[in-house]
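Text of run_38.tsv (TSV, C-alpha atoms) as supplied:
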chain	number	residue	atom	x	y	z
A	1	MET	CA	-23.02	0.78	46.81
A	2	LYS	CA	-19.83	0.05	44.86
A	3	PHE	CA	-21.93	-1.80	42.30
A	4	VAL	CA	-24.20	1.22	41.78
A	5	LYS	CA	-21.18	3.55	41.44
A	6	GLY	CA	-19.71	1.14	38.90
A	7	LEU	CA	-22.93	1.15	36.89
A	8	LEU	CA	-23.00	4.96	36.95
A	9	VAL	CA	-19.41	5.13	35.70
A	10	VAL	CA	-20.19	2.69	32.87
A	11	ALA	CA	-23.36	4.61	31.95
A	12	LEU	CA	-21.50	7.94	31.96
A	13	ALA	CA	-18.63	6.55	29.86
A	14	THR	CA	-21.08	5.03	27.38
A	15	THR	CA	-22.95	8.31	27.07
A	16	LEU	CA	-19.72	10.25	26.51
A	17	LEU	CA	-18.51	7.79	23.89
A	18	GLN	CA	-21.82	7.89	22.05
A	19	GLY	CA	-21.69	11.67	22.02
A	20	ALA	CA	-18.14	11.59	20.68
A	21	GLU	CA	-19.18	9.24	17.88
A	22	LYS	CA	-21.98	11.55	16.80
A	23	LYS	CA	-19.72	14.60	16.56
A	24	VAL	CA	-18.21	14.63	13.11
A	25	SER	CA	-15.92	17.48	12.18
A	26	PRO	CA	-16.74	19.62	9.14
A	27	VAL	CA	-13.53	18.38	7.53
A	28	MET	CA	-14.58	14.74	7.97
A	29	LYS	CA	-18.02	15.54	6.55
A	30	ALA	CA	-16.42	17.18	3.52
A	31	TRP	CA	-14.04	14.24	3.01
A	32	LYS	CA	-16.91	11.74	3.23
A	33	ALA	CA	-18.81	13.79	0.65
A	34	GLN	CA	-15.78	13.72	-1.66
A	35	VAL	CA	-15.49	9.95	-1.29
A	36	LYS	CA	-19.21	9.48	-1.95
A	37	GLU	CA	-18.97	11.63	-5.10
A	38	ALA	CA	-15.86	9.76	-6.25
A	39	LYS	CA	-17.48	6.37	-5.70
A	40	ALA	CA	-20.49	7.51	-7.73
A	41	SER	CA	-18.27	8.60	-10.63
A	42	VAL	CA	-16.06	5.49	-10.88
A	43	THR	CA	-17.31	2.06	-11.97
A	44	THR	CA	-16.96	-0.62	-9.29
A	45	ILE	CA	-15.54	-4.06	-9.93
A	46	THR	CA	-16.06	-6.92	-7.46
A	47	PRO	CA	-13.26	-9.20	-6.28
A	48	LYS	CA	-14.89	-12.10	-8.15
A	49	GLU	CA	-14.98	-10.08	-11.42
A	50	LEU	CA	-11.36	-9.01	-10.99
A	51	MET	CA	-10.27	-12.60	-10.39
A	52	SER	CA	-12.13	-13.57	-13.55
A	53	TRP	CA	-10.23	-10.87	-15.47
A	54	ASN	CA	-6.95	-12.22	-14.06
A	55	LYS	CA	-7.78	-15.81	-15.03
A	56	SER	CA	-8.92	-14.86	-18.55
A	57	ASN	CA	-5.76	-12.79	-19.18
A	58	LYS	CA	-7.79	-9.63	-19.84
A	59	LYS	CA	-5.45	-6.70	-20.47
A	60	PHE	CA	-5.61	-4.18	-17.62
A	61	VAL	CA	-3.34	-2.34	-15.21
A	62	LEU	CA	-3.85	-3.07	-11.53
A	63	LEU	CA	-3.00	0.12	-9.65
A	64	ASP	CA	-2.39	-0.08	-5.91
A	65	VAL	CA	-2.70	3.41	-4.41
A	66	ARG	CA	-1.82	2.44	-0.83
A	67	GLU	CA	1.34	3.57	0.94
A	68	PRO	CA	4.54	1.54	0.32
A	69	ALA	CA	4.44	-0.27	3.69
A	70	GLU	CA	0.85	-1.35	3.05
A	71	VAL	CA	1.80	-2.74	-0.37
A	72	GLU	CA	4.77	-4.59	1.11
A	73	ALA	CA	2.51	-6.33	3.66
A	74	GLY	CA	0.42	-7.87	0.87
A	75	ARG	CA	-0.97	-7.05	-2.53
A	76	ILE	CA	-3.13	-8.46	-5.30
A	77	GLU	CA	-1.25	-10.15	-8.10
A	78	ALA	CA	-1.85	-9.21	-11.74
A	79	GLU	CA	0.11	-9.41	-14.97
A	80	THR	CA	0.51	-5.62	-15.07
A	81	PHE	CA	0.81	-4.19	-11.56
A	82	LYS	CA	1.76	-0.65	-10.56
A	83	LYS	CA	2.00	0.96	-7.16
A	84	ILE	CA	1.55	4.70	-6.90
A	85	PRO	CA	0.42	6.25	-3.59
A	86	ARG	CA	-2.84	8.14	-4.03
A	87	GLY	CA	-1.23	11.50	-3.32
A	88	LEU	CA	1.11	11.05	-6.30
A	89	VAL	CA	-1.29	9.62	-8.89
A	90	ASP	CA	-1.97	12.89	-10.72
A	91	VAL	CA	1.69	13.97	-10.69
A	92	LEU	CA	3.17	10.67	-11.87
A	93	VAL	CA	0.49	10.11	-14.49
A	94	ALA	CA	0.59	13.65	-15.87
A	95	LYS	CA	4.33	14.36	-15.67
A	96	ALA	CA	5.93	10.93	-15.91
A	97	GLY	CA	3.35	9.13	-18.03
A	98	ALA	CA	3.14	6.23	-15.56
A	99	LEU	CA	-0.19	5.22	-17.15
A	100	LYS	CA	-1.74	5.79	-20.57
A	101	PRO	CA	-5.32	7.11	-20.95
A	102	ASP	CA	-6.30	4.26	-23.31
A	103	GLN	CA	-5.45	1.57	-20.73
A	104	VAL	CA	-8.04	-0.23	-18.63
A	105	VAL	CA	-7.12	0.59	-15.03
A	106	VAL	CA	-8.36	-1.13	-11.87
A	107	VAL	CA	-7.55	0.92	-8.78
A	108	TYR	CA	-7.54	-0.38	-5.23
A	109	CYS	CA	-6.57	0.63	-1.72
A	110	LYS	CA	-7.34	-0.79	1.73
A	111	LYS	CA	-11.14	-0.31	1.86
A	112	GLY	CA	-12.14	1.58	-1.31
A	113	ALA	CA	-12.09	5.29	-0.45
A	114	ARG	CA	-8.57	6.13	-1.69
A	115	GLY	CA	-9.17	3.93	-4.72
A	116	ALA	CA	-12.33	5.86	-5.59
A	117	LEU	CA	-10.57	9.21	-5.15
A	118	ALA	CA	-7.64	8.06	-7.31
A	119	GLY	CA	-10.07	6.70	-9.92
A	120	LYS	CA	-11.87	10.03	-10.04
A	121	THR	CA	-8.50	11.76	-10.50
A	122	LEU	CA	-7.66	9.47	-13.42
A	123	LYS	CA	-11.04	10.15	-15.04
A	124	SER	CA	-10.45	13.90	-14.70
A	125	LEU	CA	-7.12	13.37	-16.54
A	126	GLY	CA	-8.90	11.77	-19.50
A	127	PHE	CA	-8.92	8.06	-18.57
A	128	LYS	CA	-12.11	6.39	-19.77
A	129	ASN	CA	-11.83	2.80	-18.50
A	130	VAL	CA	-11.30	3.14	-14.75
A	131	TYR	CA	-12.61	0.71	-12.15
A	132	ASN	CA	-12.40	0.75	-8.35
A	133	LEU	CA	-12.17	-2.57	-6.51
A	134	LYS	CA	-15.19	-2.89	-4.22
A	135	GLY	CA	-14.01	-3.02	-0.61
A	136	GLY	CA	-10.34	-2.61	-1.55
A	137	ILE	CA	-7.87	-5.29	-0.55
A	138	LEU	CA	-9.94	-6.03	2.56
A	139	GLY	CA	-12.90	-6.86	0.30
A	140	TRP	CA	-10.56	-9.03	-1.78
A	141	ILE	CA	-9.38	-10.90	1.32
A	142	LYS	CA	-12.95	-11.23	2.64
A	143	ALA	CA	-13.89	-12.83	-0.70
A	144	GLU	CA	-11.13	-15.39	0.03
A	145	MET	CA	-8.94	-14.32	-2.86
A	146	PRO	CA	-5.15	-14.78	-2.73
A	147	ILE	CA	-2.67	-12.07	-1.87
A	148	VAL	CA	1.07	-12.02	-2.42
A	149	ASN	CA	4.01	-10.60	-0.51
A	150	SER	CA	7.72	-11.38	-0.13
A	151	LEU	CA	6.86	-14.74	1.49
A	152	GLY	CA	4.74	-15.97	-1.42
A	153	THR	CA	1.09	-16.24	-2.37
A	154	PHE	CA	-1.49	-17.11	0.25
A	155	LYS	CA	-5.11	-16.75	1.37
A	156	SER	CA	-6.09	-15.16	4.62
A	157	VAL	CA	-8.03	-17.25	7.13
A	158	PRO	CA	-10.16	-16.13	10.06
A	159	TYR	CA	-8.06	-15.70	13.19
A	160	LYS	CA	-9.95	-18.44	15.03
A	161	LEU	CA	-8.77	-20.98	12.42
A	162	THR	CA	-5.08	-20.28	13.10
A	163	GLY	CA	-5.12	-22.23	16.34
A	164	VAL	CA	-3.57	-19.30	18.17
A	165	SER	CA	-5.17	-18.49	21.50
A	166	GLU	CA	-6.57	-15.00	21.93
A	167	ASP	CA	-5.76	-15.07	25.68
Show me this structure written as structure tokens.
Amino acid sequence: MKFVKGLLVVALATTLLQGAEKKVSPVMKAWKAQVKEAKASVTTITPKELMSWNKSNKKFVLLDVREPAEVEAGRIEAETFKKIPRGLVDVLVAKAGALKPDQVVVVYCKKGARGALAGKTLKSLGFKNVYNLKGGILGWIKAEMPIVNSLGTFKSVPYKLTGVSED
């Protein structure tokens, strides 16, 4: 009897969770539509292409639009690197001239959404050569590219390869 009650509880919880996943607020729908539109308007660059640009000394600005704590945890290295949180891109570019419209700019964030939105903002301000890193820094790490922080430069490895028990 306890087993049957347990199964019913699991089935009910699963049903409730599935229902919760299907309910998407109007605000979330609108945000997803904005991200989709932004991604469609900004050229994508892959981690492999960006690494090639780095190695060939191509002139570009790498713009990290994540929050300061995210940048401190780890970032992509480039000759010309700038960090401007996405919410300040338009203000700092327009008022402070943090970037110039004739520069090639590669934008990135954690997964790609904020990068796309920032890229679209730059294009609306007259920037012509704007790229968004596909998958953001997580895509970069997944492609086994190096990141840098205050401890140095390193590559991420799958957790199971660290030798640390998950128990």
> Nearest to Leu88 in chain A: which of A:Leu122, A:Val61, A:Ala116, A:Val42 is it, counting only C-alpha atoms?
Replying inline: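 Residue with the minimum atom-to-atom distance to Leu88 in chain A: A:Leu122.
Each of A:Val89, A:Leu63, A:Met145, A:Ala69 was checked against Val104 in chain A using all atoms listed in the file; the smallest atom-to-atom distance is that of A:Leu63.
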Quick one: residues within 10 Å of Leu138 in chain A, only C-alpha atoms, excluding same-chain residues fewer than 2 positions away - as a JSON list (two decimals) with C-alpha atoms, in the coordinates of the input?
[["chain", "number", "residue", "atom", "x", "y", "z"],
["A", 47, "PRO", "CA", -13.26, -9.20, -6.28],
["A", 108, "TYR", "CA", -7.54, -0.38, -5.23],
["A", 109, "CYS", "CA", -6.57, 0.63, -1.72],
["A", 110, "LYS", "CA", -7.34, -0.79, 1.73],
["A", 111, "LYS", "CA", -11.14, -0.31, 1.86],
["A", 112, "GLY", "CA", -12.14, 1.58, -1.31],
["A", 133, "LEU", "CA", -12.17, -2.57, -6.51],
["A", 134, "LYS", "CA", -15.19, -2.89, -4.22],
["A", 135, "GLY", "CA", -14.01, -3.02, -0.61],
["A", 136, "GLY", "CA", -10.34, -2.61, -1.55],
["A", 140, "TRP", "CA", -10.56, -9.03, -1.78],
["A", 141, "ILE", "CA", -9.38, -10.90, 1.32],
["A", 142, "LYS", "CA", -12.95, -11.23, 2.64],
["A", 143, "ALA", "CA", -13.89, -12.83, -0.70],
["A", 144, "GLU", "CA", -11.13, -15.39, 0.03],
["A", 145, "MET", "CA", -8.94, -14.32, -2.86]]
>> Given only C-alpha atoms as the basis, pick out the residue of A:Ala78, A:Val106, A:Val93, A:Ala73 nearest to Leu151 in chain A.
In response: A:Ala73
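The interatomic distance for the pair CA of Thr44 in chain A and CA of Lys95 in chain A works out to 26.8 Å.
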>> Measuring between only C-alpha atoms, which one of A:Ser150, A:Ser156, A:Lys100, A:Tyr131 shows the shortest distance to Ala40 in chain A?
In response: A:Tyr131
>> Restricting the calculation to all atoms listed in the file: of A:Asn149, A:Thr121, A:Ser25, A:Thr80, which residue gets closest to Trp53 in chain A?
In response: A:Thr80
>> Calculated over all atoms listed in the file, which of the candidates A:Ala30, A:Ile45, A:Leu99, A:Leu117 has the smallest distance to Arg86 in chain A?
In response: A:Leu117
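Atom to atom, CA of Val71 in chain A and CA of Lys29 in chain A stand 27.8 Å apart.
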> Rounded to one decimal in Å, what is the spacing between CA of Ala96 in chain A and CA of Ile147 in chain A?
Replying inline: 28.3 Å
>> Which residues are close to Ser41 in chain A, i.e. within 12 Å by only C-alpha atoms, leaving aside same-chain residues fewer than 2 positions away? Reply as a list in words.
In response: Gln34, Val35, Lys36, Glu37, Ala38, Lys39, Thr43, Thr44, Gly115, Ala116, Leu117, Ala118, Gly119, Lys120, Thr121, Leu122, Lys123, Ser124, Lys128, Asn129, Val130, Tyr131 and Asn132 of chain A
